[in-house]
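The next block is upload25.cif, given as mmCIF, C-alpha atoms.
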data_input
#
loop_
_atom_site.label_atom_id
_atom_site.label_comp_id
_atom_site.auth_asym_id
_atom_site.auth_seq_id
_atom_site.Cartn_x
_atom_site.Cartn_y
_atom_site.Cartn_z
CA MET A 45 71.90 27.00 -84.73
CA ARG A 46 70.01 26.75 -88.02
CA VAL A 47 70.94 29.46 -90.52
CA ARG A 48 67.85 31.41 -91.52
CA LEU A 49 66.98 33.12 -94.79
CA GLU A 50 67.22 36.48 -92.99
CA ASP A 51 70.81 35.64 -91.98
CA VAL A 52 71.75 35.06 -95.60
CA ALA A 53 70.06 38.34 -96.60
CA ARG A 54 72.12 40.28 -94.06
CA ALA A 55 75.35 38.62 -95.12
CA ALA A 56 74.68 39.39 -98.80
CA ASN A 57 73.31 42.88 -98.04
CA VAL A 58 70.02 42.22 -99.80
CA SER A 59 66.39 41.85 -98.75
CA PRO A 60 64.93 38.48 -97.67
CA LYS A 61 62.67 38.66 -100.72
CA THR A 62 65.72 38.85 -103.00
CA VAL A 63 67.17 35.74 -101.34
CA SER A 64 63.84 33.99 -101.95
CA ARG A 65 63.94 35.01 -105.60
CA VAL A 66 67.41 33.56 -105.95
CA LEU A 67 66.23 30.35 -104.30
CA ASN A 68 63.37 30.21 -106.79
CA ASP A 69 65.75 30.92 -109.71
CA GLU A 70 63.59 33.81 -110.86
CA ALA A 71 64.70 36.00 -113.72
CA ASN A 72 64.34 39.44 -112.09
CA VAL A 73 67.65 39.31 -110.16
CA SER A 74 70.93 40.66 -111.58
CA ASP A 75 73.78 38.20 -112.11
CA ALA A 76 76.01 40.05 -109.64
CA THR A 77 73.36 39.95 -106.91
CA ARG A 78 72.58 36.30 -107.63
CA GLN A 79 76.25 35.32 -107.30
CA ARG A 80 76.58 37.30 -104.05
CA VAL A 81 73.58 35.54 -102.53
CA LEU A 82 74.73 32.09 -103.70
CA ALA A 83 78.18 32.72 -102.24
CA ALA A 84 76.63 33.70 -98.89
CA MET A 85 74.47 30.54 -98.91
CA GLU A 86 77.50 28.35 -99.53
CA ALA A 87 79.67 30.11 -96.95
CA MET A 88 76.95 29.78 -94.31
CA ASP A 89 75.94 26.23 -95.36
CA TYR A 90 72.36 27.46 -95.73
CA ARG A 91 69.69 24.77 -96.19
CA PRO A 92 66.41 26.51 -97.07
CA HIS A 93 63.21 25.51 -95.32
CA PRO A 94 60.49 24.77 -97.91
CA SER A 95 58.23 27.51 -96.55
CA ALA A 96 60.96 30.10 -97.16
CA ARG A 97 60.65 29.55 -100.90
CA SER A 98 57.05 30.71 -100.86
CA LEU A 99 57.93 34.21 -99.75
CA ALA A 100 58.02 35.52 -103.31
CA GLY A 101 54.63 34.07 -104.28
CA ASN A 102 51.92 31.53 -103.59
CA ARG A 103 53.59 28.47 -105.08
CA SER A 104 54.14 24.85 -104.08
CA PHE A 105 57.35 24.20 -106.06
CA LEU A 106 55.91 20.83 -106.95
CA VAL A 107 55.72 19.26 -110.43
CA ALA A 108 53.43 16.27 -111.00
CA MET A 109 54.17 13.67 -113.68
CA LEU A 110 50.92 12.03 -114.80
CA TYR A 111 50.69 8.77 -116.70
CA ASP A 112 48.27 6.07 -117.79
CA ASN A 113 50.01 2.69 -117.81
CA ASN A 114 46.95 0.56 -117.26
CA ASP A 115 48.20 -1.80 -119.95
CA ASN A 116 51.87 -2.00 -118.95
CA PRO A 117 52.48 -1.15 -115.28
CA ALA A 118 56.17 -2.18 -115.47
CA SER A 119 57.06 0.11 -118.37
CA THR A 120 60.79 0.84 -118.60
CA TYR A 121 59.94 3.73 -120.90
CA LEU A 122 57.94 5.45 -118.15
CA ALA A 123 60.69 4.84 -115.61
CA GLU A 124 63.23 6.56 -117.86
CA ILE A 125 60.90 9.52 -118.49
CA GLN A 126 60.44 9.79 -114.73
CA ASP A 127 64.20 9.85 -114.13
CA GLY A 128 64.58 12.70 -116.61
CA VAL A 129 61.79 14.76 -115.06
CA LEU A 130 63.29 14.22 -111.61
CA GLU A 131 66.73 15.33 -112.83
CA ALA A 132 65.32 18.63 -114.12
CA CYS A 133 63.29 19.22 -110.96
CA ASP A 134 66.27 18.53 -108.70
CA ALA A 135 68.43 20.96 -110.66
CA HIS A 136 65.95 23.77 -110.01
CA ARG A 137 64.94 22.85 -106.43
CA TYR A 138 61.46 21.60 -107.33
CA SER A 139 59.84 18.56 -105.78
CA MET A 140 58.25 15.92 -107.96
CA MET A 141 55.35 13.53 -107.58
CA VAL A 142 54.30 10.71 -109.91
CA ARG A 143 50.67 9.70 -110.23
CA PRO A 144 48.68 7.33 -112.47
CA LEU A 145 45.58 8.89 -114.00
CA ARG A 146 43.83 6.24 -116.04
CA MET A 147 41.65 7.55 -118.85
CA ARG A 148 39.17 4.71 -118.76
CA GLY A 149 37.61 5.57 -115.42
CA ASP A 150 34.28 7.42 -115.30
CA ASP A 151 35.59 9.55 -112.43
CA PHE A 152 38.64 10.80 -114.35
CA ILE A 153 37.95 14.52 -113.94
CA ARG A 154 37.06 14.12 -110.27
CA ARG A 155 40.36 12.35 -109.60
CA LEU A 156 42.25 15.06 -111.48
CA ASP A 157 40.48 17.79 -109.47
CA THR A 158 41.29 15.98 -106.22
CA LEU A 159 44.95 15.73 -107.13
CA ILE A 160 45.16 19.44 -107.94
CA SER A 161 43.23 20.50 -104.83
CA ASP A 162 45.14 18.23 -102.44
CA HIS A 163 48.67 18.79 -103.74
CA HIS A 164 48.56 22.14 -105.62
CA PRO A 165 51.19 21.31 -108.23
CA ASP A 166 52.61 24.35 -109.98
CA GLY A 167 52.55 22.38 -113.23
CA VAL A 168 52.35 18.88 -114.68
CA VAL A 169 54.27 16.76 -117.18
CA LEU A 170 52.07 14.52 -119.33
CA THR A 171 53.16 11.22 -120.88
CA PRO A 172 51.55 9.21 -123.73
CA PRO A 173 48.74 8.49 -124.27
CA ILE A 174 47.21 11.11 -121.95
CA THR A 175 49.27 13.83 -123.66
CA ASP A 176 46.40 14.20 -126.14
CA TYR A 177 43.41 13.32 -123.95
CA THR A 178 41.11 16.27 -124.64
CA PRO A 179 39.13 16.24 -121.33
CA LEU A 180 42.40 16.33 -119.38
CA LEU A 181 43.89 19.21 -121.38
CA LYS A 182 40.63 21.15 -121.15
CA ARG A 183 40.47 20.75 -117.38
CA LEU A 184 44.10 21.77 -116.85
CA ARG A 185 43.47 24.95 -118.86
CA GLU A 186 40.29 25.68 -116.89
CA ARG A 187 42.24 25.41 -113.65
CA ASN A 188 45.20 27.40 -114.99
CA VAL A 189 47.66 24.55 -114.40
CA PRO A 190 50.57 24.76 -116.89
CA TYR A 191 51.61 21.51 -118.53
CA ALA A 192 54.31 20.10 -120.79
CA SER A 193 53.86 17.02 -122.96
CA VAL A 194 56.10 14.13 -123.95
CA SER A 195 55.51 13.02 -127.57
CA PRO A 196 52.19 14.82 -128.17
CA VAL A 197 50.28 14.13 -131.39
CA LEU A 198 48.85 17.65 -131.37
CA HIS A 199 51.51 20.34 -131.68
CA ASP A 200 49.41 23.53 -131.65
CA ASP A 201 50.24 25.67 -128.60
CA THR A 202 51.96 22.69 -126.99
CA ILE A 203 55.22 22.79 -125.06
CA GLY A 204 57.36 19.79 -124.27
CA VAL A 205 59.40 17.39 -126.38
CA THR A 206 58.89 15.21 -129.43
CA MET A 207 60.79 12.96 -131.84
CA ASP A 208 60.12 12.06 -135.48
CA GLU A 209 58.98 8.52 -134.70
CA GLN A 210 57.54 7.93 -138.16
CA GLN A 211 60.89 8.66 -139.79
CA ALA A 212 62.66 6.53 -137.17
CA ALA A 213 60.35 3.58 -137.89
CA ARG A 214 60.90 3.99 -141.61
CA ALA A 215 64.67 4.00 -141.06
CA ILE A 216 64.70 0.72 -139.12
CA VAL A 217 62.46 -1.02 -141.66
CA GLU A 218 64.79 0.26 -144.39
CA HIS A 219 67.60 -1.43 -142.46
CA LEU A 220 65.73 -4.74 -142.71
CA LEU A 221 65.12 -4.15 -146.42
CA SER A 222 68.83 -3.47 -146.95
CA LEU A 223 69.53 -6.92 -145.51
CA GLY A 224 67.41 -8.51 -148.23
CA HIS A 225 64.21 -9.05 -146.22
CA ARG A 226 60.94 -8.57 -148.07
CA ARG A 227 58.45 -10.45 -145.93
CA ILE A 228 58.63 -8.08 -142.95
CA ALA A 229 55.98 -8.13 -140.24
CA HIS A 230 55.03 -5.36 -137.82
CA VAL A 231 53.67 -5.74 -134.28
CA VAL A 232 51.62 -2.61 -133.56
CA GLY A 233 51.41 -0.91 -130.16
CA ILE A 234 48.27 0.18 -128.30
CA ALA A 235 45.82 1.68 -130.77
CA ASP A 236 45.24 5.01 -128.98
CA HIS A 237 48.95 5.83 -128.64
CA GLY A 238 50.38 8.37 -131.05
CA ALA A 239 53.57 6.27 -131.03
CA SER A 240 51.66 3.29 -132.44
CA GLN A 241 50.24 5.38 -135.28
CA TRP A 242 53.60 6.95 -136.17
CA ARG A 243 55.53 3.67 -136.10
CA LEU A 244 52.92 1.87 -138.20
CA ALA A 245 52.98 4.75 -140.69
CA GLY A 246 56.78 4.56 -140.90
CA TYR A 247 56.61 0.79 -141.53
CA ARG A 248 54.05 1.27 -144.31
CA GLU A 249 56.03 4.13 -145.83
CA ALA A 250 59.24 2.08 -146.04
CA MET A 251 57.47 -0.95 -147.50
CA ALA A 252 55.65 1.14 -150.09
CA ALA A 253 58.85 2.92 -151.09
CA ALA A 254 60.42 -0.51 -151.70
CA GLY A 255 57.49 -1.40 -153.99
CA LEU A 256 56.08 -4.02 -151.61
CA PRO A 257 52.28 -4.18 -151.29
CA GLU A 258 51.02 -4.41 -147.73
CA ASP A 259 50.02 -7.87 -146.54
CA PRO A 260 47.40 -7.38 -143.77
CA ALA A 261 48.38 -10.74 -142.27
CA LEU A 262 51.82 -9.33 -141.46
CA VAL A 263 50.45 -6.45 -139.36
CA VAL A 264 49.43 -7.81 -135.95
CA GLN A 265 48.03 -5.87 -132.99
CA GLY A 266 50.05 -5.78 -129.79
CA ALA A 267 49.87 -3.79 -126.54
CA PHE A 268 53.45 -2.65 -125.82
CA THR A 269 53.89 -5.64 -123.45
CA PHE A 270 56.11 -8.73 -123.52
CA GLY A 271 53.06 -11.01 -123.47
CA SER A 272 51.42 -9.27 -126.43
CA GLY A 273 54.67 -9.68 -128.36
CA VAL A 274 54.61 -13.41 -127.71
CA GLU A 275 50.99 -13.73 -128.85
CA ALA A 276 51.59 -11.62 -131.96
CA ALA A 277 54.60 -13.73 -132.90
CA ARG A 278 52.62 -16.95 -132.52
CA GLN A 279 50.08 -15.57 -135.00
CA LEU A 280 52.83 -14.68 -137.45
CA PHE A 281 54.64 -18.01 -137.13
CA ALA A 282 51.37 -19.88 -137.79
CA LEU A 283 51.05 -18.29 -141.25
CA PRO A 284 51.57 -20.59 -144.27
CA GLU A 285 54.53 -18.38 -145.17
CA ARG A 286 56.03 -16.88 -142.03
CA PRO A 287 57.90 -13.57 -142.05
CA THR A 288 61.68 -13.51 -142.22
CA ALA A 289 61.86 -10.32 -140.13
CA VAL A 290 59.70 -8.63 -137.49
CA PHE A 291 59.68 -4.97 -136.48
CA ALA A 292 57.95 -4.60 -133.11
CA ALA A 293 56.78 -1.15 -132.02
CA ASN A 294 58.75 -1.33 -128.76
CA ASP A 295 61.51 -3.37 -127.15
CA ASP A 296 59.19 -5.23 -124.76
CA MET A 297 57.19 -6.66 -127.65
CA ALA A 298 60.37 -7.40 -129.62
CA THR A 299 61.58 -9.41 -126.62
CA GLY A 300 58.32 -11.36 -126.70
CA VAL A 301 58.84 -12.08 -130.40
CA MET A 302 62.33 -13.43 -129.69
CA TRP A 303 60.97 -15.62 -126.87
CA ALA A 304 58.29 -17.05 -129.18
CA ALA A 305 60.92 -17.67 -131.86
CA GLY A 306 62.73 -19.94 -129.42
CA GLU A 307 59.45 -21.68 -128.67
CA TYR A 308 59.07 -22.45 -132.40
CA GLY A 309 62.69 -23.55 -132.80
CA LEU A 310 63.69 -20.46 -134.79
CA LYS A 311 67.14 -19.00 -134.27
CA VAL A 312 67.56 -15.22 -134.15
CA PRO A 313 68.93 -13.82 -136.43
CA HIS A 314 69.68 -16.86 -138.67
CA ASP A 315 66.02 -17.83 -139.14
CA LEU A 316 64.37 -14.57 -138.09
CA SER A 317 65.59 -10.98 -137.77
CA VAL A 318 63.94 -8.97 -134.99
CA CYS A 319 64.10 -5.28 -134.16
CA GLY A 320 62.33 -3.00 -131.69
CA PHE A 321 61.98 0.63 -130.71
CA ASP A 322 63.11 2.72 -127.68
CA ASP A 323 66.52 1.17 -126.82
CA THR A 324 65.61 0.38 -123.23
CA PRO A 325 68.26 -1.33 -121.04
CA LEU A 326 66.55 -4.63 -121.87
CA ALA A 327 67.64 -4.30 -125.51
CA ARG A 328 71.29 -4.55 -124.48
CA GLN A 329 70.71 -7.36 -121.97
CA LEU A 330 69.15 -9.83 -124.42
CA TRP A 331 71.05 -12.47 -126.33
CA PRO A 332 71.43 -11.72 -129.12
CA ALA A 333 71.35 -8.00 -128.34
CA LEU A 334 68.39 -6.23 -129.93
CA THR A 335 68.61 -3.98 -132.97
CA THR A 336 66.39 -1.02 -132.17
CA VAL A 337 65.70 2.69 -132.47
CA GLN A 338 67.29 4.71 -129.72
CA GLN A 339 64.68 7.08 -128.34
CA PRO A 340 66.37 9.20 -125.64
CA SER A 341 63.51 8.72 -123.17
CA ARG A 342 65.30 10.05 -120.09
CA GLU A 343 66.48 13.13 -121.98
CA MET A 344 62.96 13.65 -123.32
CA GLY A 345 61.60 13.64 -119.77
CA ARG A 346 64.26 16.12 -118.70
CA LEU A 347 63.65 18.46 -121.64
CA ALA A 348 59.86 18.39 -121.19
CA ALA A 349 60.26 19.28 -117.52
CA LEU A 350 62.72 22.07 -118.37
CA GLN A 351 60.23 23.64 -120.78
CA LEU A 352 57.60 23.55 -118.03
CA LEU A 353 60.03 24.99 -115.48
CA ASN A 354 60.91 27.82 -117.88
CA VAL A 355 57.24 28.80 -117.85
CA LEU A 356 56.93 28.46 -114.08
CA ARG A 357 60.08 30.53 -113.50
CA GLY A 358 59.07 33.29 -115.91
CA ARG A 359 61.77 32.38 -118.44
CA GLY A 360 59.54 32.51 -121.50
CA PRO A 361 56.52 30.76 -123.01
CA GLY A 362 58.25 27.38 -123.45
CA GLN A 363 58.77 25.45 -126.68
CA LEU A 364 58.13 22.09 -128.29
CA VAL A 365 61.65 20.68 -128.61
CA GLN A 366 62.48 17.94 -131.12
CA VAL A 367 65.20 15.42 -130.25
CA PRO A 368 67.10 13.24 -132.76
CA PHE A 369 66.89 9.45 -133.00
CA SER A 370 69.56 6.94 -133.92
CA LEU A 371 69.58 3.30 -134.99
CA GLN A 372 71.34 0.81 -132.74
CA ILE A 373 72.32 -2.05 -135.05
CA ARG A 374 73.04 -5.15 -133.00
CA ASP A 375 73.03 -8.92 -133.42
CA SER A 376 69.29 -9.61 -133.66
CA THR A 377 69.22 -8.65 -137.34
CA ALA A 378 71.19 -10.25 -140.19
CA ARG A 379 71.20 -10.62 -143.94
CA LEU A 380 68.53 -12.93 -145.34
CA PRO A 381 70.19 -16.33 -145.95
#

Give the structure from the file, written as structure tokens.
Amino acid sequence: MRVRLEDVARAANVSPKTVSRVLNDEANVSDATRQRVLAAMEAMDYRPHPSARSLAGNRSFLVAMLYDNNDNPASTYLAEIQDGVLEACDAHRYSMMVRPLRMRGDDFIRRLDTLISDHHPDGVVLTPPITDYTPLLKRLRERNVPYASVSPVLHDDTIGVTMDEQQAARAIVEHLLSLGHRRIAHVVGIADHGASQWRLAGYREAMAAAGLPEDPALVVQGAFTFGSGVEAARQLFALPERPTAVFAANDDMATGVMWAAGEYGLKVPHDLSVCGFDDTPLARQLWPALTTVQQPSREMGRLAALQLLNVLRGRGPGQLVQVPFSLQIRDSTARLP
């Protein structure tokens, strides 16, 4: 016979509501009582029915991760964020759903309202670029839906996770400068992404600190996709004096640059040094392996979800956590011949 919540309550000598609070990992249960209930659950092999978790309040125990990847539907970055959010939700017995919510549609708010009304998420995790989309944030506040953000541009009253991407971009351009490169190009990401702005600013900062005036021809617009990296590289290689190094704002575009280099008969890194940003699995699968900035995307997803879950579980107001970056120096960059 199926073990019921009431059976666990009797075995632990507590009320069914206390068992529900332990299931929900709420703060208002003493450690001794919590351990007694958990021990009874394990001894009885208790598998809670989802409706039992709602006894302590009107909650769905569902977290929604929202994204806008209209420009790059196969984003490895988003997949890693999703894995991190799922890890945090699993650890605290929350379900997770993942939904696209494209900003460009005229019916954006209607689709958001439908999602909230149909699924009743307790909270949402937002990913770039919708982390800073004002109509979305306004509507979530109006409907009292808590949210946590990954890499928000705006930090006021925001919980979630961030990284100093401008400093990281400066550091990787400084690596190219240390190798003797002076004609360094940058492939920019999607214009409305905070990441694009920060990484461009870091590039400019490093070049200025080295006393190198900016050459507008060396800054080419991309879209965080492999194809945009190829097209950007073709523009750069068609210049009368091509760059000796390229810093692309993500690994997908850096891969496109390397592909185009082969098309033009350029050998990486002998003829052209290339570096990216994110350190996705692709960076380690290329030949030569890609020099890049390691952004701990999965961990960022997990930490953003944990800050949201702290709010949902009454464990405090939540914080904006900053994670460190590191450079992964591999074989796609070399000293200028």

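Residues matched by the PyMOL selection byres ((chain A and resi 293) around 7) in this structure: Val231, Val232, Gly233, Ser240, Arg243, Phe291, Ala292, Asn294, Gly320 and Phe321 of chain A.
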
- prompt: Where does the PyMOL selection byres ((chain A and resi 339) around 10) land in this file, that is, which residues does it pick, as a count of residues only?
  reply: 22

query: Which residues come within 9 Å of stretch 149-163 of chain A, counting all atoms listed in the file, excluding same-chain residues fewer than 3 positions away, as a PyMOL selection string?
result: chain A and resi 104+106+143+145-146+179-180+183-184+187+189

message: Report as an NGL selection string all protein, DNA and RNA residues lying within 10 Å of A:Met302, evaluated on all atoms listed in the file, omitting residues in the same chain fewer than 2 positions from it.
response: :A and (270 or 273-274 or 277 or 290 or 297-300 or 304-308 or 310-313 or 316-319 or 330-332 or 334 or 376)

message: At a cut-off of 12 Å, using all atoms listed in the file, what residues contact A:Val194? Leave out same-chain residues fewer than 6 positions from it and give the result as a PyMOL selection string.
response: chain A and resi 109-111+121-122+125-126+128-129+168-176+202-207+237-239+339-352+363-367

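Comparing the minimum interatomic distances between A:Gln210 and each of A:His230, A:Arg185, A:Arg359, A:Arg248, counting all atoms listed in the file, we find that A:Arg248 sits nearest.
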
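Interatomic distance, atom CA of A:Trp242 against atom CA of A:Ala327: 20.9 Å.
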
message: Which residues are near A:Arg286? Cut-off 9 Å, all atoms listed in the file, ignore same chain within fewer than 5 positions. Put them as a PyMOL selection string.
response: chain A and resi 227+229+262+280-281

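Taking atom CA of A:Leu223 as the reference point, atom CA of A:Ala378 is found at 6.5 Å.
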
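Coordinates place atom CA of A:Gly224 at a distance of 5.4 Å from atom CA of A:Leu380.
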
task: Would you translate the PyMOL selection byres ((chain A and resi 76-79) around 9) into the concrete set of residues it matches in this file, as a list in words?
output: Ala56, Val58, Thr62, Val63, Arg65, Val66, Asp69, Val73, Ser74, Asp75, Arg80, Val81, Leu82, Ala83 and Ala84 of chain A

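The nearest approach to A:Thr335 among the residues A:Gln211, A:Thr288, A:Asn102, A:Thr377, with all atoms listed in the file taken into account, belongs to A:Thr377.
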
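Closest to A:Leu356 among A:Pro196, A:Pro165, A:Pro60, A:Pro144 is A:Pro165, based on only C-alpha atoms.
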
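Take the candidates A:Asn72, A:Ala235, A:Asp166, A:Ala135 and check each one against A:Phe105 using only C-alpha atoms; the shortest distance goes to A:Asp166.
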